[in-house]
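Visitor: If it helps, the file is called entry.txt and holds compact mmCIF, C-alpha atoms:
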```
# COMPACT_ATOMS: atom_id res chain seq x y z
CA MET A 1 -95.45 111.18 64.25
CA ILE A 2 -94.17 107.80 63.09
CA ARG A 3 -95.23 106.87 59.59
CA SER A 4 -95.25 103.25 58.54
CA PHE A 5 -96.26 101.12 55.59
CA CYS A 6 -95.48 97.68 54.18
CA ILE A 7 -94.19 96.86 50.72
CA ASP A 8 -94.00 93.54 48.91
CA LEU A 9 -90.62 92.91 47.30
CA GLY A 10 -91.30 89.75 45.33
CA GLY A 11 -92.70 88.03 48.41
CA ALA A 12 -90.44 89.63 51.02
CA VAL A 13 -92.77 91.91 52.95
CA VAL A 14 -90.89 94.81 54.48
CA GLU A 15 -92.27 97.40 56.87
CA LEU A 16 -90.78 100.86 56.39
CA ARG A 17 -91.02 103.15 59.41
CA THR A 18 -89.83 106.73 59.74
CA PRO A 19 -90.61 109.87 61.73
CA ASP A 20 -89.44 112.01 58.80
CA SER A 21 -92.32 113.05 56.56
CA ARG A 22 -89.96 113.84 53.65
CA TRP A 23 -88.53 110.29 53.79
CA SER A 24 -91.99 108.87 54.10
CA ASP A 25 -93.28 110.83 51.12
CA ARG A 26 -90.28 109.84 49.04
CA ALA A 27 -90.56 106.19 50.03
CA TYR A 28 -94.27 106.24 49.25
CA GLU A 29 -93.58 107.76 45.85
CA ARG A 30 -90.83 105.21 45.18
CA PHE A 31 -92.51 102.05 46.49
CA GLY A 32 -96.18 103.04 46.62
CA ALA A 33 -97.18 100.73 43.77
CA PHE A 34 -95.88 97.77 45.80
CA LEU A 35 -97.85 98.41 49.00
CA THR A 36 -99.34 95.41 50.77
CA THR A 37 -101.42 94.65 53.82
CA ALA A 38 -99.59 91.35 54.39
CA PRO A 39 -97.73 91.00 57.69
CA PRO A 40 -94.07 92.07 57.45
CA ALA A 41 -91.16 89.68 57.89
CA VAL A 42 -88.61 92.48 58.10
CA LEU A 43 -88.62 95.96 59.60
CA VAL A 44 -86.57 98.82 58.20
CA GLU A 45 -86.68 101.74 60.63
CA HIS A 46 -85.33 105.18 59.87
CA ARG A 47 -83.87 106.79 63.00
CA PRO A 48 -82.60 110.17 61.85
CA GLY A 49 -81.95 111.44 65.38
CA ILE A 50 -79.47 108.68 66.27
CA ASP A 51 -75.77 108.85 65.47
CA GLY A 52 -73.90 105.77 64.30
CA PRO A 53 -73.10 103.81 61.18
CA PRO A 54 -75.58 104.39 58.34
CA VAL A 55 -77.07 100.89 58.57
CA THR A 56 -77.21 98.40 61.44
CA SER A 57 -79.33 95.35 62.11
CA SER A 58 -80.87 93.59 65.07
CA PRO A 59 -79.16 90.40 66.27
CA SER A 60 -82.00 88.36 64.81
CA GLY A 61 -81.54 89.99 61.40
CA THR A 62 -85.23 90.86 61.15
CA ALA A 63 -84.86 94.60 61.78
CA PHE A 64 -82.59 97.15 60.14
CA PHE A 65 -81.91 100.67 61.27
CA LEU A 66 -80.95 103.64 59.15
CA HIS A 67 -79.29 106.22 61.40
CA GLY A 68 -78.69 109.93 61.08
CA SER A 69 -75.77 109.48 58.69
CA ALA A 70 -77.85 107.37 56.29
CA ARG A 71 -78.80 108.82 52.96
CA TRP A 72 -81.76 107.88 50.82
CA GLU A 73 -79.45 105.69 48.73
CA HIS A 74 -78.78 103.49 51.76
CA LEU A 75 -82.45 102.53 51.90
CA ASP A 76 -82.56 101.65 48.21
CA ALA A 77 -79.32 99.68 48.44
CA LEU A 78 -80.40 97.87 51.62
CA LEU A 79 -83.72 96.78 50.16
CA SER A 80 -82.22 95.55 46.91
CA THR A 81 -79.65 93.57 48.89
CA LEU A 82 -82.31 92.14 51.17
CA VAL A 83 -84.48 90.61 48.45
CA PRO A 84 -82.12 87.84 47.26
CA GLU A 85 -81.38 87.00 50.89
CA ARG A 86 -85.01 86.68 51.91
CA VAL A 87 -86.96 85.29 48.98
CA ALA A 88 -86.10 81.66 48.48
CA PRO A 89 -86.06 79.54 46.47
CA SER A 90 -85.71 82.11 43.75
CA LEU A 91 -83.14 84.39 42.22
CA VAL A 92 -82.93 88.10 41.60
CA ALA A 93 -81.66 89.03 38.16
CA HIS A 94 -80.16 92.27 36.95
CA GLY A 95 -82.70 92.68 34.23
CA ALA A 96 -85.80 94.37 32.88
CA LEU A 97 -89.02 92.36 32.94
CA LEU A 98 -91.42 92.67 30.01
CA ALA A 99 -94.91 91.22 29.91
CA ASP A 100 -97.14 89.91 27.18
CA GLU A 101 -100.59 88.47 27.77
CA GLY A 102 -99.89 85.90 30.44
CA ARG A 103 -96.13 85.68 29.82
CA THR A 104 -93.03 87.51 30.99
CA PHE A 105 -89.62 87.95 29.38
CA LEU A 106 -86.50 88.70 31.39
CA CYS A 107 -83.98 90.96 29.63
CA CYS A 108 -80.62 90.92 31.40
CA GLY A 109 -77.54 93.01 30.93
CA ARG A 110 -74.86 95.03 32.59
CA SER A 111 -75.37 98.73 33.14
CA GLY A 112 -75.54 100.31 29.70
CA ALA A 113 -76.51 97.09 27.90
CA GLY A 114 -79.99 98.39 27.15
CA LYS A 115 -82.37 97.40 29.97
CA SER A 116 -83.76 100.89 30.46
CA THR A 117 -83.63 101.59 26.73
CA LEU A 118 -85.73 98.51 26.05
CA ALA A 119 -88.21 99.42 28.79
CA GLN A 120 -88.54 102.93 27.34
CA LEU A 121 -89.04 101.55 23.83
CA LEU A 122 -91.79 99.24 25.14
CA PRO A 123 -93.54 101.18 27.94
CA GLU A 124 -96.75 99.18 27.61
CA ARG A 125 -94.80 95.96 28.13
CA ALA A 126 -92.26 96.96 30.79
CA LEU A 127 -92.92 95.90 34.37
CA CYS A 128 -89.51 96.99 35.69
CA ASP A 129 -86.19 97.98 34.19
CA GLU A 130 -83.45 97.01 36.64
CA LEU A 131 -84.10 94.07 38.99
CA ALA A 132 -86.58 91.23 38.63
CA LEU A 133 -87.32 88.10 40.60
CA VAL A 134 -87.36 84.64 39.01
CA ARG A 135 -89.35 82.19 41.08
CA PRO A 136 -89.62 78.45 40.41
CA THR A 137 -93.13 77.09 40.19
CA GLY A 138 -94.37 73.53 39.94
CA ASP A 139 -94.08 73.46 36.16
CA GLY A 140 -91.67 76.26 35.27
CA PHE A 141 -90.80 79.74 36.44
CA HIS A 142 -92.55 83.03 37.10
CA GLY A 143 -91.05 86.43 36.41
CA VAL A 144 -91.95 88.93 39.15
CA SER A 145 -91.27 92.65 38.94
CA LEU A 146 -89.38 94.49 41.68
CA PRO A 147 -89.53 98.25 42.34
CA TYR A 148 -86.29 99.12 40.49
CA TRP A 149 -86.25 101.73 38.91
CA ALA A 150 -89.30 102.48 36.79
CA ALA A 151 -91.61 99.69 37.88
CA ARG A 152 -95.13 98.47 38.41
CA PRO A 153 -96.23 95.21 40.04
CA GLY A 154 -96.66 92.19 37.82
CA SER A 155 -96.02 88.47 37.64
CA ALA A 156 -96.56 85.78 35.00
CA PRO A 157 -94.94 82.59 33.70
CA LEU A 158 -91.46 83.26 32.34
CA ALA A 159 -91.32 82.45 28.61
CA GLY A 160 -87.79 83.56 27.74
CA VAL A 161 -84.57 85.10 29.00
CA PHE A 162 -82.53 87.53 26.90
CA VAL A 163 -78.99 88.77 27.30
CA LEU A 164 -78.99 92.27 25.85
CA GLU A 165 -76.56 94.14 23.68
CA HIS A 166 -76.97 97.24 21.53
CA ALA A 167 -76.52 96.70 17.78
CA PRO A 168 -77.46 98.36 14.48
CA GLU A 169 -80.02 95.62 13.74
CA HIS A 170 -82.23 93.23 15.68
CA LEU A 171 -80.93 89.68 16.04
CA ARG A 172 -81.98 86.86 18.36
CA THR A 173 -79.55 83.96 18.87
CA ARG A 174 -80.21 80.95 21.11
CA ILE A 175 -77.58 80.30 23.79
CA PRO A 176 -77.13 76.62 24.74
CA ALA A 177 -77.78 75.75 28.40
CA ALA A 178 -74.15 75.58 29.60
CA GLY A 179 -73.26 78.85 27.89
CA ALA A 180 -76.45 80.41 29.21
CA LEU A 181 -75.53 79.50 32.76
CA ARG A 182 -72.09 80.95 32.33
CA GLU A 183 -73.55 84.13 30.88
CA LEU A 184 -76.39 84.57 33.36
CA ARG A 185 -74.26 84.00 36.46
CA ARG A 186 -72.96 87.53 35.85
CA HIS A 187 -76.49 88.93 35.95
CA VAL A 188 -77.67 87.22 39.11
CA CYS A 189 -77.61 88.66 42.63
CA TRP A 190 -75.54 86.20 44.65
CA PRO A 191 -76.23 86.33 48.41
CA THR A 192 -72.61 85.52 49.15
CA GLU A 193 -72.93 85.84 52.92
CA HIS A 194 -75.40 82.98 53.15
CA LEU A 195 -74.07 79.72 51.75
CA ASP A 196 -77.44 77.96 51.81
CA ALA A 197 -79.04 80.82 49.90
CA MET A 198 -76.16 80.78 47.39
CA GLY A 199 -76.70 77.07 46.86
CA GLN A 200 -80.40 77.70 46.23
CA VAL A 201 -79.60 80.39 43.68
CA PHE A 202 -77.27 77.93 41.94
CA GLU A 203 -80.02 75.27 41.89
CA THR A 204 -82.54 77.77 40.54
CA LEU A 205 -80.14 79.03 37.88
CA THR A 206 -79.22 75.56 36.65
CA ARG A 207 -82.90 74.64 36.40
CA LEU A 208 -83.73 77.92 34.69
CA VAL A 209 -81.22 77.54 31.83
CA GLN A 210 -82.47 74.02 31.15
CA GLU A 211 -86.18 74.79 31.23
CA VAL A 212 -86.49 78.30 29.79
CA PRO A 213 -84.95 79.33 26.44
CA VAL A 214 -82.11 81.81 26.78
CA TRP A 215 -81.20 84.09 23.87
CA ARG A 216 -78.69 86.75 23.05
CA LEU A 217 -80.67 89.75 21.85
CA SER A 218 -78.90 92.36 19.78
CA PHE A 219 -81.25 95.28 19.24
CA ALA A 220 -81.51 98.73 17.76
CA ARG A 221 -83.62 101.57 19.17
CA ASP A 222 -86.78 100.35 17.50
CA PRO A 223 -89.92 99.03 19.22
CA LEU A 224 -90.26 96.35 16.56
CA VAL A 225 -87.77 94.39 18.65
CA TRP A 226 -90.86 93.28 20.56
CA ASP A 227 -91.79 90.98 17.67
CA LEU A 228 -88.48 89.22 18.08
CA ILE A 229 -88.81 88.94 21.85
CA ARG A 230 -92.25 87.35 21.77
CA LYS A 231 -91.55 85.21 18.70
CA PRO A 232 -92.16 81.56 19.61
CA VAL A 233 -89.29 79.11 19.81
CA ALA A 234 -88.88 77.53 16.36
CA MET B 235 -54.78 57.29 47.45
CA ARG B 236 -58.46 57.92 48.10
CA VAL B 237 -60.15 60.99 46.68
CA GLN B 238 -63.42 62.57 47.86
CA ARG B 239 -65.44 65.57 46.77
CA ASN B 240 -65.35 68.57 49.05
CA PRO B 241 -68.74 68.63 50.79
CA GLU B 242 -68.88 72.45 50.53
CA LEU B 243 -69.78 72.12 46.86
CA ALA B 244 -72.87 71.97 44.74
CA TRP B 245 -72.73 70.70 41.19
CA ARG B 246 -74.99 69.99 38.25
CA GLU B 247 -74.61 68.66 34.74
CA VAL B 248 -75.91 71.30 32.35
CA GLY B 249 -75.93 70.81 28.61
CA GLY B 250 -73.12 68.26 28.67
CA GLU B 251 -70.90 70.39 30.89
CA THR B 252 -70.39 69.76 34.58
CA ILE B 253 -70.69 72.98 36.56
CA LEU B 254 -69.40 73.16 40.13
CA ILE B 255 -69.88 75.89 42.67
CA HIS B 256 -67.58 76.15 45.67
CA LEU B 257 -69.81 77.94 48.13
CA GLY B 258 -67.07 78.72 50.65
CA ARG B 259 -64.63 80.12 48.08
CA LYS B 260 -67.39 81.75 46.00
CA MET B 261 -66.02 80.28 42.80
CA MET B 262 -67.69 78.53 39.89
CA PHE B 263 -66.00 75.97 37.62
CA GLY B 264 -66.82 74.25 34.37
CA LEU B 265 -65.45 70.78 33.57
CA ASN B 266 -65.21 69.34 30.08
CA ALA B 267 -66.96 66.06 29.27
CA ALA B 268 -63.99 63.91 30.35
CA GLY B 269 -63.69 65.92 33.56
CA GLY B 270 -67.40 65.43 34.14
CA ARG B 271 -67.01 61.65 33.82
CA LEU B 272 -64.28 61.67 36.44
CA TRP B 273 -66.35 63.91 38.65
CA ALA B 274 -69.25 61.44 38.40
CA ALA B 275 -66.84 58.62 39.25
CA LEU B 276 -66.00 60.45 42.48
CA GLU B 277 -69.48 59.76 43.86
CA GLY B 278 -68.89 58.35 47.34
CA GLY B 279 -65.12 58.63 46.90
CA ALA B 280 -62.76 56.74 44.59
CA THR B 281 -59.23 55.46 44.30
CA LEU B 282 -56.77 56.58 41.63
CA GLU B 283 -57.21 53.26 39.87
CA GLU B 284 -60.98 53.63 39.79
CA LEU B 285 -60.63 57.13 38.36
CA GLU B 286 -58.14 56.02 35.72
CA SER B 287 -60.61 53.45 34.51
CA ALA B 288 -63.14 56.27 33.92
CA VAL B 289 -60.84 58.03 31.43
CA PRO B 290 -61.74 57.41 27.77
CA ALA B 291 -59.41 55.18 25.80
CA GLU B 292 -58.80 58.01 23.31
CA VAL B 293 -56.48 59.66 25.82
CA GLY B 294 -53.76 57.16 24.97
CA THR B 295 -51.34 54.94 26.85
CA GLU B 296 -51.76 53.81 30.40
CA GLU B 297 -48.97 56.16 31.41
CA LEU B 298 -50.67 59.10 29.75
CA VAL B 299 -53.99 58.24 31.40
CA ARG B 300 -52.29 58.17 34.79
CA ALA B 301 -50.61 61.51 34.13
CA THR B 302 -53.80 63.22 32.97
CA VAL B 303 -55.80 61.93 35.94
CA ARG B 304 -53.15 63.05 38.41
CA ALA B 305 -52.90 66.46 36.74
CA PHE B 306 -56.69 66.86 36.81
CA LEU B 307 -56.88 65.81 40.45
CA ALA B 308 -54.06 68.20 41.30
CA ASP B 309 -56.05 71.02 39.66
CA LEU B 310 -59.19 70.04 41.56
CA ALA B 311 -57.25 69.82 44.83
CA ALA B 312 -55.59 73.20 44.25
CA GLU B 313 -59.06 74.72 43.84
CA GLY B 314 -60.34 73.01 46.98
CA LEU B 315 -62.82 70.88 45.04
CA ILE B 316 -61.57 67.52 46.30
CA VAL B 317 -59.79 66.13 49.30
CA ALA B 318 -57.12 63.48 48.62
CA GLU B 319 -55.63 61.21 51.26
CA PRO B 320 -52.66 61.32 51.25
CA PRO B 321 -52.63 64.87 49.85
CA LEU B 322 -51.72 65.31 46.22
CA GLN B 323 -49.18 68.01 45.47
CA HIS B 324 -49.64 70.00 42.30
CA ASP B 325 -45.95 69.89 41.37
CA GLU B 326 -46.08 66.08 41.56
CA ALA B 327 -48.39 66.07 38.58
CA PRO B 328 -47.13 68.01 35.58
CA ASP B 329 -50.06 68.64 33.25
CA PRO B 330 -49.75 66.78 29.92
CA GLY B 331 -53.26 67.89 28.99
CA ALA B 332 -52.27 70.48 26.40
CA GLU B 333 -51.21 67.68 24.06
CA VAL B 334 -54.06 65.38 25.05
CA PRO B 335 -57.36 66.55 23.55
CA HIS B 336 -59.58 64.14 25.51
CA ALA B 337 -57.95 64.78 28.87
CA PRO B 338 -60.18 65.74 31.80
CA ARG B 339 -59.85 69.44 32.49
CA ILE B 340 -61.29 72.44 34.28
CA VAL B 341 -62.21 74.51 31.23
CA TRP B 342 -63.26 77.70 32.98
CA ARG B 343 -63.35 79.18 36.44
CA ASP B 344 -64.91 82.41 37.66
CA GLU B 345 -65.28 84.29 40.87
CA ILE B 346 -68.84 84.86 42.11
CA ARG B 347 -69.29 88.42 43.17
CA ARG B 348 -71.89 89.82 45.44
CA PHE B 349 -74.18 92.04 43.46
CA ALA B 350 -77.14 94.20 44.24
CA GLY B 351 -78.53 96.45 41.60
CA ALA B 352 -78.90 99.60 43.64
CA CYS B 353 -75.23 99.54 44.50
CA ALA B 354 -74.28 99.79 40.86
CA LYS B 355 -76.18 103.05 40.77
CA TYR B 356 -74.98 104.29 44.15
CA PRO B 357 -71.24 103.61 44.39
CA ALA B 358 -71.07 105.90 47.42
CA VAL B 359 -73.03 103.38 49.48
CA SER B 360 -71.47 100.26 48.01
CA GLN B 361 -70.45 99.04 51.46
CA ILE B 362 -73.97 97.70 51.81
CA CYS B 363 -73.36 95.42 48.88
CA ASP B 364 -69.70 94.70 49.49
CA GLN B 365 -70.23 93.68 53.08
CA ASN B 366 -72.99 91.87 54.85
CA PRO B 367 -75.39 94.46 56.24
CA PHE B 368 -77.25 91.79 58.13
CA ASN B 369 -74.60 91.22 60.77
CA SER B 370 -73.37 94.75 61.24
```
Take the structure in the file and write it out as structure tokens.
Guide:
Amino acid sequence: MIRSFCIDLGGAVVELRTPDSRWSDRAYERFGAFLTTAPPAVLVEHRPGIDGPPVTSSPSGTAFFLHGSARWEHLDALLSTLVPERVAPSLVAHGALLADEGRTFLCCGRSGAGKSTLAQLLPERALCDELALVRPTGDGFHGVSLPYWAARPGSAPLAGVFVLEHAPEHLRTRIPAAGALRELRRHVCWPTEHLDAMGQVFETLTRLVQEVPVWRLSFARDPLVWDLIRKPVA
Amino acid sequence: MRVQRNPELAWREVGGETILIHLGRKMMFGLNAAGGRLWAALEGGATLEELESAVPAEVGTEELVRATVRAFLADLAAEGLIVAEPPLQHDEAPDPGAEVPHAPRIVWRDEIRRFAGACAKYPAVSQICDQNPFNS
């Protein structure tokens, strides 16, 4: 029996289809919080009985096939690659997204910089701890959670961006716009195969650093860091 | 000589710095303030003389201005950011900028790398992130 459901990845609706109940159960467990009834723009079909490369796509680029050699990791990697290609204008950041009442805060960093640590320190506030979408709106930006890794759906106006680093004490330091752009370009998913999409990410990033305050956040393992994150701009 | 921006670029002025992205080469560049003024003067194309007139007087003598502009243009051309007709050779324009604090310069350049978060966790399947899975 073919099992199928649709998930919303920051506005990119993807239908997942598989005949394998173990894959289906695992996918449901992984992405179940992001289910949607909206019509899909992209199909990802698991075809475990077919030999071939792990991942192929249809000529139109709207369907992707995971063959017998594909592992679960291929699905996760494919979906996380697909989002920055398909949701425009926006950008996908390598960051945890935290939420206050009606506001979100994007906390970026390389692996080991503290994204998951921060999300674990602030479980009530964390929407996701690895990848988040930043979407321009008429008067600013929205932070939107994506299902990586510990995640729940959520979206709200983006009030601040933080570049994380571990430290013995909490410290928040404002990064000027040009420096912020140079810093954040390392934490953005660049869809390098699509020049138009890359240009849109550049436009979004340059707007972001000029309209939303960007800070370097040094923090210790202490939930009081939340006070510093949500502290208004002086 | 007439100089034009490469149309494969996007650029923005951010916080007093001019940031360029070369979409084809997947490179990003930052220009200092003097470089940004010259970049702005390239709107619609410009001659060497027009560009020299955009250099601040602090740079120094007319000869020094000419040398700094040619060195800057040679840097831009070497990075594929401009097209000069006739072409400008880098070795024709020794860079005097180190001794000229207000000279136009590329102050940083960085490669843009494809990145997708799941691939950082799953190095065994990194081909999905390193290559384009959409045309396979």
Visitor: Counting only C-alpha atoms, which residues of chain A sit at most 8 Å from some atom of chain B, and what is each one's closest atom pair with its distance in Å to one decimal, listed by chain and rising residue number, as a tab-separated table?
Guide:
```
residue	atom	partner	partner_atom	distance
A:Val55	CA	B:Pro367	CA	7.0
A:Thr56	CA	B:Ser370	CA	5.3
A:Ser57	CA	B:Phe368	CA	5.7
A:Ser58	CA	B:Asn369	CA	8.0
A:Pro59	CA	B:Asn369	CA	7.2
A:Gly61	CA	B:Phe368	CA	5.7
A:Phe64	CA	B:Phe368	CA	7.8
A:Glu73	CA	B:Tyr356	CA	6.6
A:His74	CA	B:Val359	CA	6.2
A:Asp76	CA	B:Ala352	CA	6.2
A:Ala77	CA	B:Ala352	CA	4.8
A:Leu78	CA	B:Ile362	CA	6.4
A:Ser80	CA	B:Ala350	CA	5.9
A:Thr81	CA	B:Ala350	CA	5.3
A:His94	CA	B:Gly351	CA	6.5
A:Ser111	CA	B:Ala354	CA	7.9
A:Glu130	CA	B:Gly351	CA	7.0
A:Leu131	CA	B:Gly351	CA	6.6
A:Pro176	CA	B:Gly249	CA	7.1
A:Ala177	CA	B:Gly249	CA	5.3
A:Ala178	CA	B:Gly249	CA	5.2
A:Arg185	CA	B:Ile346	CA	7.9
A:Arg186	CA	B:Ile346	CA	8.0
A:Val188	CA	B:Phe349	CA	7.4
A:Cys189	CA	B:Phe349	CA	4.9
A:Trp190	CA	B:Arg348	CA	5.2
A:Pro191	CA	B:Arg348	CA	6.3
A:Thr192	CA	B:Arg348	CA	5.7
A:Glu193	CA	B:Asn366	CA	6.3
A:Leu195	CA	B:Leu257	CA	5.9
A:Met198	CA	B:Leu257	CA	7.0
A:Gly199	CA	B:Ala244	CA	6.7
A:Phe202	CA	B:Ile255	CA	7.7
A:Thr206	CA	B:Val248	CA	6.9
A:Gln210	CA	B:Val248	CA	7.2
```
Visitor: Work out how far atom CA of A:Leu91 is from atom CA of B:Gly314, in Å to one decimal.
Guide: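 So the two atoms, atom CA of B:Gly314 and atom CA of A:Leu91, lie 25.9 Å apart.
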Visitor: Give me, as CSV, the closest atom pair and its distance (Å, one decimal) for every residue of stretch 151-213 of chain A within a cut-off of 12 Å of stretch 96-105 of chain A, counting all atoms listed in the file, rows sorted by chain and rising number.
Guide:
```
residue,atom,partner,partner_atom,distance
A:Ala151,CA,A:Leu97,CA,9.2
A:Arg152,CA,A:Leu97,CA,10.2
A:Pro153,CA,A:Leu97,CA,10.5
A:Gly154,CA,A:Ala99,CA,8.2
A:Ser155,CA,A:Thr104,CA,7.4
A:Ala156,CA,A:Arg103,CA,5.2
A:Pro157,CA,A:Arg103,CA,5.1
A:Leu158,CA,A:Thr104,CA,4.7
A:Ala159,CA,A:Phe105,CA,5.8
A:Gly160,CA,A:Phe105,CA,5.0
A:Val161,CA,A:Phe105,CA,5.8
A:Phe162,CA,A:Phe105,CA,7.5
A:Val163,CA,A:Ala96,CA,10.4
A:Leu164,CA,A:Ala96,CA,10.0
A:His187,CA,A:Ala96,CA,11.2
A:Val212,CA,A:Phe105,CA,10.2
A:Pro213,CA,A:Phe105,CA,10.2
```
Visitor: Store the residues of this selection in a file with C-alpha atoms, as a PDB file, in the coordinates of the input.
Guide:
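In the end it all went to selection-v1.pdb:
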```pdb
ATOM      1  CA  ALA A 151     -91.610  99.690  37.880  1.00  0.00           C
ATOM      2  CA  ARG A 152     -95.130  98.470  38.410  1.00  0.00           C
ATOM      3  CA  PRO A 153     -96.230  95.210  40.040  1.00  0.00           C
ATOM      4  CA  GLY A 154     -96.660  92.190  37.820  1.00  0.00           C
ATOM      5  CA  SER A 155     -96.020  88.470  37.640  1.00  0.00           C
ATOM      6  CA  ALA A 156     -96.560  85.780  35.000  1.00  0.00           C
ATOM      7  CA  PRO A 157     -94.940  82.590  33.700  1.00  0.00           C
ATOM      8  CA  LEU A 158     -91.460  83.260  32.340  1.00  0.00           C
ATOM      9  CA  ALA A 159     -91.320  82.450  28.610  1.00  0.00           C
ATOM     10  CA  GLY A 160     -87.790  83.560  27.740  1.00  0.00           C
ATOM     11  CA  VAL A 161     -84.570  85.100  29.000  1.00  0.00           C
ATOM     12  CA  PHE A 162     -82.530  87.530  26.900  1.00  0.00           C
ATOM     13  CA  VAL A 163     -78.990  88.770  27.300  1.00  0.00           C
ATOM     14  CA  LEU A 164     -78.990  92.270  25.850  1.00  0.00           C
ATOM     15  CA  HIS A 187     -76.490  88.930  35.950  1.00  0.00           C
ATOM     16  CA  VAL A 212     -86.490  78.300  29.790  1.00  0.00           C
ATOM     17  CA  PRO A 213     -84.950  79.330  26.440  1.00  0.00           C
TER      18      PRO A 213
END
```
Visitor: Name the closest residue to A:Arg22 among the candidates A:Val225, A:Leu43, A:Leu35, A:Ile2; distances are taken between atoms, counting only C-alpha atoms.
Guide: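 Ranked by minimum distance to A:Arg22, first place goes to A:Ile2.
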Visitor: Would you compute the distance between atom CA of B:Pro320 and atom CA of B:Thr295? Give it in Å to one decimal.
Guide: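 Atom-to-atom, atom CA of B:Pro320 to atom CA of B:Thr295, that is 25.3 Å.
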Visitor: May I have the residues within 10 Å of A:Ser21 as a list in words, using all atoms listed in the file and disregarding those fewer than 6 positions away in the same chain?
Guide: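 Counting only the stated atoms, we get Met1, Ile2, Arg3 and Ala27 of chain A.
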Visitor: Do a neighbour search on A:Val42 at 12 Å with only C-alpha atoms, toss out local chain neighbours closer than 6 positions, and write the hits as a tab-separated table (two decimals) with C-alpha atoms, keeping the file's coordinate frame.
Guide:
```tsv
chain	number	residue	atom	x	y	z
A	5	PHE	CA	-96.26	101.12	55.59
A	6	CYS	CA	-95.48	97.68	54.18
A	7	ILE	CA	-94.19	96.86	50.72
A	8	ASP	CA	-94.00	93.54	48.91
A	9	LEU	CA	-90.62	92.91	47.30
A	11	GLY	CA	-92.70	88.03	48.41
A	12	ALA	CA	-90.44	89.63	51.02
A	13	VAL	CA	-92.77	91.91	52.95
A	14	VAL	CA	-90.89	94.81	54.48
A	15	GLU	CA	-92.27	97.40	56.87
A	16	LEU	CA	-90.78	100.86	56.39
A	17	ARG	CA	-91.02	103.15	59.41
A	57	SER	CA	-79.33	95.35	62.11
A	58	SER	CA	-80.87	93.59	65.07
A	60	SER	CA	-82.00	88.36	64.81
A	61	GLY	CA	-81.54	89.99	61.40
A	62	THR	CA	-85.23	90.86	61.15
A	63	ALA	CA	-84.86	94.60	61.78
A	64	PHE	CA	-82.59	97.15	60.14
A	65	PHE	CA	-81.91	100.67	61.27
A	78	LEU	CA	-80.40	97.87	51.62
A	79	LEU	CA	-83.72	96.78	50.16
A	82	LEU	CA	-82.31	92.14	51.17
A	83	VAL	CA	-84.48	90.61	48.45
A	85	GLU	CA	-81.38	87.00	50.89
A	86	ARG	CA	-85.01	86.68	51.91
A	87	VAL	CA	-86.96	85.29	48.98
B	368	PHE	CA	-77.25	91.79	58.13
```
Visitor: To one decimal place, how far is atom CA of B:Pro338 from atom CA of A:Glu183 in Å?
Guide: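 So the answer is 22.8 Å.
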Visitor: Please list, as a list in words, the residues that have an atom at most 7 Å away from (-61.9, 66.3, 36.0) in the coordinates of this file, counting all atoms listed in the file.
Guide: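 Output: Leu265, Ala268, Gly269, Gly270, Leu272, Trp273, Phe306, Leu307, Pro338, Arg339 and Ile340 of chain B.
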Visitor: Around (-90.0, 88.1, 17.0), as given in the file, which residues come within 12 Å? Count only C-alpha atoms and list them as a ChimeraX atom specification.
Guide: /A:160,170-173,215,217,219,223-234
Visitor: Check the smallest atom-to-atom distance from each of A:Pro136, A:Trp149, A:Pro40, A:Asp222 to A:Leu122 using only C-alpha atoms, then report the winner.
Guide: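 When distances to A:Leu122 are compared using only C-alpha atoms, the smallest one comes from A:Asp222.
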Visitor: B:Ala275: which residues within 9 Å, counting all atoms listed in the file, same-chain residues fewer than 3 positions away excluded, as a list in words?
Guide: Gly270, Arg271, Leu272, Gly278, Gly279, Ala280, Glu284, Leu285 and Ala288 of chain B
Visitor: Select, from A:Ser145, A:Ser218, A:Thr137, A:Ser24, the residue with the minimum atom-to-atom distance to A:Val92, counting all atoms listed in the file.
Guide: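 Residue with the minimum atom-to-atom distance to A:Val92: A:Ser145.
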